[in-house]
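Asker: Submitted below is the structure of interest, expressed as structure tokens.
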Amino acid sequence: MAGDRSDAQGARPAHAERNDQLATLLPRVALGDQRAFADLYRLASAHLFAVAVRIVRDGALAEEMLQEAFVSVWHHAGTYDAVKSQPITWLTSIVRNRCLDRLRRREVDTRPLVTDDDTDAPAWEPPSDGPSPVDLLLAAADARALRGCIETLEPGPRQAIALAFFEGLSHRELAAHLREPLGTVKSWVRRGLATLRRCLDAAGATG
Amino acid sequence: MNLSRSDRRERLERLAAEFALGTSPPRVRRRLIAIARRDRPVAAALSDWERRIAVLADDVPPMTPPPRVWRSIVGRLGLDPDDAKARRAARWSRLAAWRALAITSLVGIIAIGAAEWRRAPVVLPAPLVVALAGADAKVALIATATRGERYLTLKTVGNANPGAEKVFELWALPQSGPPQALGVIPQGDIVRVPLPNPADETLSNIATLAVSVEPPGGSPSGKPTGPVLYSGRVERMY
């Protein structure tokens with residue numbers, strides 16, 4: 001990959017520098033430092049907004065999720081624990097959880113999203129531009145020298161995990177999108193996660 | 001249902017993984033969040049999986065949100081849109097929220113799992129170390145203590161200066177609850193700040209130390225009143 005500075009072999013990945021800055025800002029935000037909060041927003045909002053847009057697939061809703069996430073960060077920055085997670089990982093989890101909670105609530109409200117006999121109409125259209133979920137999964141693997149590990153995932157589990165993670169699809173939506181029985185999709189997700197766990201833990205142990 | 005029992009470990013792992021990936025049904029999500037509030041193994045499993053999974057999002061191409069998002073955040077929190085000039089009342093009014101750690105998101109779950117600290121195998125002469133850095137990430141002060149000592153030693157490594165007619169005050173930031181004043185930092189390159197109890201006791205529940213600028217004699221209110229210039233994590237080497 002002709003990547004810029006996200007190459008794991010590079011001198012100092014941009015991710016690492018941003019994480020260092022965020023790690024310094026979070027305790028200051030916890031103490032009510034508004035300037036630190038503004039800096040945190042400037043550093044992290046574009047990444048977090050992108051994560052939200054991919055999951056909720058609606059710009060206005062993504063804006064609302066980002067707002068809620070930052071309001072939560074202002075109130076709870078003191079609970080960030082640098083030993084447990086990287087700052088951007090922690091912030092991403094907050095945004096993803098907001099989005100997923102909202103999506104799942106909406107799913108209950110408006111179901112059924114697709115009916116079983118509606119196989120010609122996909123529940124969801126992939127974004128027409130930008131990298132696909134599987135591309136993103138492999139890009140993440142590249143950045144962490146995990147490619148070989150991700151590639152050991154069979155195509156089904158790999159695609160199911162990528163769609164669930166990057167696009168926020170539920171088991172039911174995955175089944176509709178991949179046109180596979182619900183049980184098959186669930187088992188793909190389960191197997192894929194078990195493999196990913198071994199990979200990510202092995203990578204984490206060295207870094 | 002007691003998910004924390006070891007014979008259900010596999011099931012918990014699977015539930016936590018699917019929670020972090022986001023495929024859990026809404027009822028399972030809500031239930032796991034509720035259980036994690038009072039059950040540490042469950043909280044730890046969820047936060048471990050969140051950590052594993054969220055790493056994957058690192059390479060999503062960034063998208064700059066429209067400026068109205070920041071304006072709305074500032075508006076909702078009642079902050080000064082001019083960021084630099086903080087309103088003192090608003091700045092500390094939210095501290096009450098810390099006590100009520102009834103958090104609706106995973107933030108709370110991560111906090112519950114936060115009690116475990118890294119242990120270094122080597123015994124060092126100064127087992128408590130805090131590097132206090134400013135917004136530029138440059139370390140300005142280093143605080144050290146050994147477990148039984150009733151003082152912190154502070155060494156100035158940059159040109160940290162509170163300014164005319166001002167002093168630095170040192171604060172301990174607990175895992176939850178308002179900042180605790182540790183006292184005014186005396187002038188000098190290497191100084192001591194006395195502690196009420198042995199350092200390991202005083203800092204047992206403290207995640208972070210911070211330094212604010214205060215009027216002579218320290219904060220009149222018991223809370224930081226001036227800007228917070230430096231902060232750093234408490235690293236325990238024992």
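Starting from 1 in every chain, residues are counted up; chains themselves are A, B, ... following the order of the structure tokens, and ligands are numbered from 1 as listed.
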Which neighbours of B:Asn205 fall inside 10 Å, counting only C-alpha atoms, when residues of the same chain fewer than 4 positions from it are skipped, and could you give them as a list in words?
Answerer: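 Within the cut-off, the hits are Ala115, Ala172, Leu173, Pro174, Gln175, Ser176, Asp200, Glu201 and Val234 of chain B.
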Asker: Please save C-alpha atoms of the selected residues as a compact mmCIF listing (two decimals), in the first residue's frame.
Answerer:
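result18.txt was written with the following content:
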# COMPACT_ATOMS: atom_id res chain seq x y z
CA ALA B 115 -9.04 -0.31 39.06
CA ALA B 172 -5.26 15.07 42.86
CA LEU B 173 -7.92 13.88 40.44
CA PRO B 174 -9.72 10.78 41.77
CA GLN B 175 -11.32 8.09 39.63
CA SER B 176 -14.57 9.83 40.46
CA ASP B 200 0.57 5.38 48.53
CA GLU B 201 -2.48 5.94 50.77
CA VAL B 234 0.07 8.64 38.37
Asker: Could you list, as a PDB file with C-alpha atoms, in the first residue's frame, every residue of chain A that has an atom within 6 Å of an atom of chain B, counting only C-alpha atoms?
Answerer:
ATOM      1  CA  GLY A  32     -12.900  21.392  33.018  1.00  0.00           C
ATOM      2  CA  GLN A  34     -12.359  24.291  27.813  1.00  0.00           C
ATOM      3  CA  ARG A  35      -9.373  24.981  25.623  1.00  0.00           C
ATOM      4  CA  ALA A  46     -13.053  14.201  11.833  1.00  0.00           C
ATOM      5  CA  HIS A  47     -12.189  10.610  12.665  1.00  0.00           C
ATOM      6  CA  ALA A  50     -16.412   9.430   9.792  1.00  0.00           C
ATOM      7  CA  GLN A  67     -22.632  16.008  19.562  1.00  0.00           C
ATOM      8  CA  THR A  79     -13.084   8.009  33.676  1.00  0.00           C
ATOM      9  CA  THR A  89     -10.025   3.783  20.888  1.00  0.00           C
ATOM     10  CA  ARG A 104     -30.986  -0.630  17.243  1.00  0.00           C
ATOM     11  CA  ALA A 140      -6.639  -1.672   9.560  1.00  0.00           C
ATOM     12  CA  PHE A 165     -18.180  -3.192  12.376  1.00  0.00           C
ATOM     13  CA  SER A 170     -27.211  -6.201  12.972  1.00  0.00           C
ATOM     14  CA  HIS A 171     -27.327  -9.983  12.585  1.00  0.00           C
TER      15      HIS A 171
END
Asker: Just the residues within 7 Å of B:Pro194, please, counting only C-alpha atoms, with nothing from its chain fewer than 2 positions along; format it as a PyMOL selection string.
Answerer: chain B and resi 150-152+192+196
Asker: For the selection just defined, write its residues with N, CA and C atoms to a file, as a CSV table (one decimal), in the first residue's frame.
Answerer:
chain,number,residue,atom,x,y,z
B,150,ARG,N,5.5,11.0,53.4
B,150,ARG,CA,4.4,11.9,53.5
B,150,ARG,C,4.7,13.2,52.8
B,151,TYR,N,5.3,13.1,51.6
B,151,TYR,CA,5.5,14.3,50.8
B,151,TYR,C,5.7,13.9,49.4
B,152,LEU,N,5.4,14.8,48.5
B,152,LEU,CA,5.8,14.6,47.0
B,152,LEU,C,6.9,15.5,46.7
B,192,ARG,N,9.2,20.3,47.9
B,192,ARG,CA,8.4,19.2,48.4
B,192,ARG,C,7.0,19.8,48.7
B,196,PRO,N,-1.0,14.6,53.6
B,196,PRO,CA,-1.7,14.3,54.9
B,196,PRO,C,-1.4,12.9,55.3
Asker: Could you give me, as a PyMOL selection string, the residues within 9 Å of B:Ala143, counting only C-alpha atoms and dropping anything in the same chain fewer than 5 positions from it?
Answerer: chain B and resi 128-132+152-156+209
Asker: Find the spatial neighbours of A:Arg191, counting only C-alpha atoms, within a cut-off of 9 Å - ignore same-chain residues fewer than 5 positions away - and output them as a ChimeraX atom specification.
Answerer: /A:153,157,186,196
Asker: Which distance in Å separates atom CA of A:Gln86 and atom CA of A:Ala23, to one decimal?
Answerer: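 For atom CA of A:Gln86 relative to atom CA of A:Ala23, the distance reads 7.8 Å.
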Asker: For atom CA of B:Pro186 and atom CA of B:Asn161, quote the distance in Å rounded to one decimal.
Answerer: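 According to the coordinates, atom CA of B:Pro186 and atom CA of B:Asn161 are separated by 11.4 Å.
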Asker: Quick check, in Å to one decimal: how far apart do atom CA of A:Ala36 and atom CA of A:Val73 lie?
Answerer: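 That distance, rounded to one decimal, is 11.9 Å.
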Asker: Quick one: DSSP helix (DSSP H, G or I) residues in stretch 171-209 of chain B, as a list of chain:residue names?
Answerer: B:Ala199, B:Asp200, B:Glu201, B:Thr202
Asker: Which one is closest to A:Thr24: A:Ala52, A:Ser45, A:Gly168, A:Ala82? Count only C-alpha atoms.
Answerer: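 Selected residue with least distance to A:Thr24: A:Ala82.
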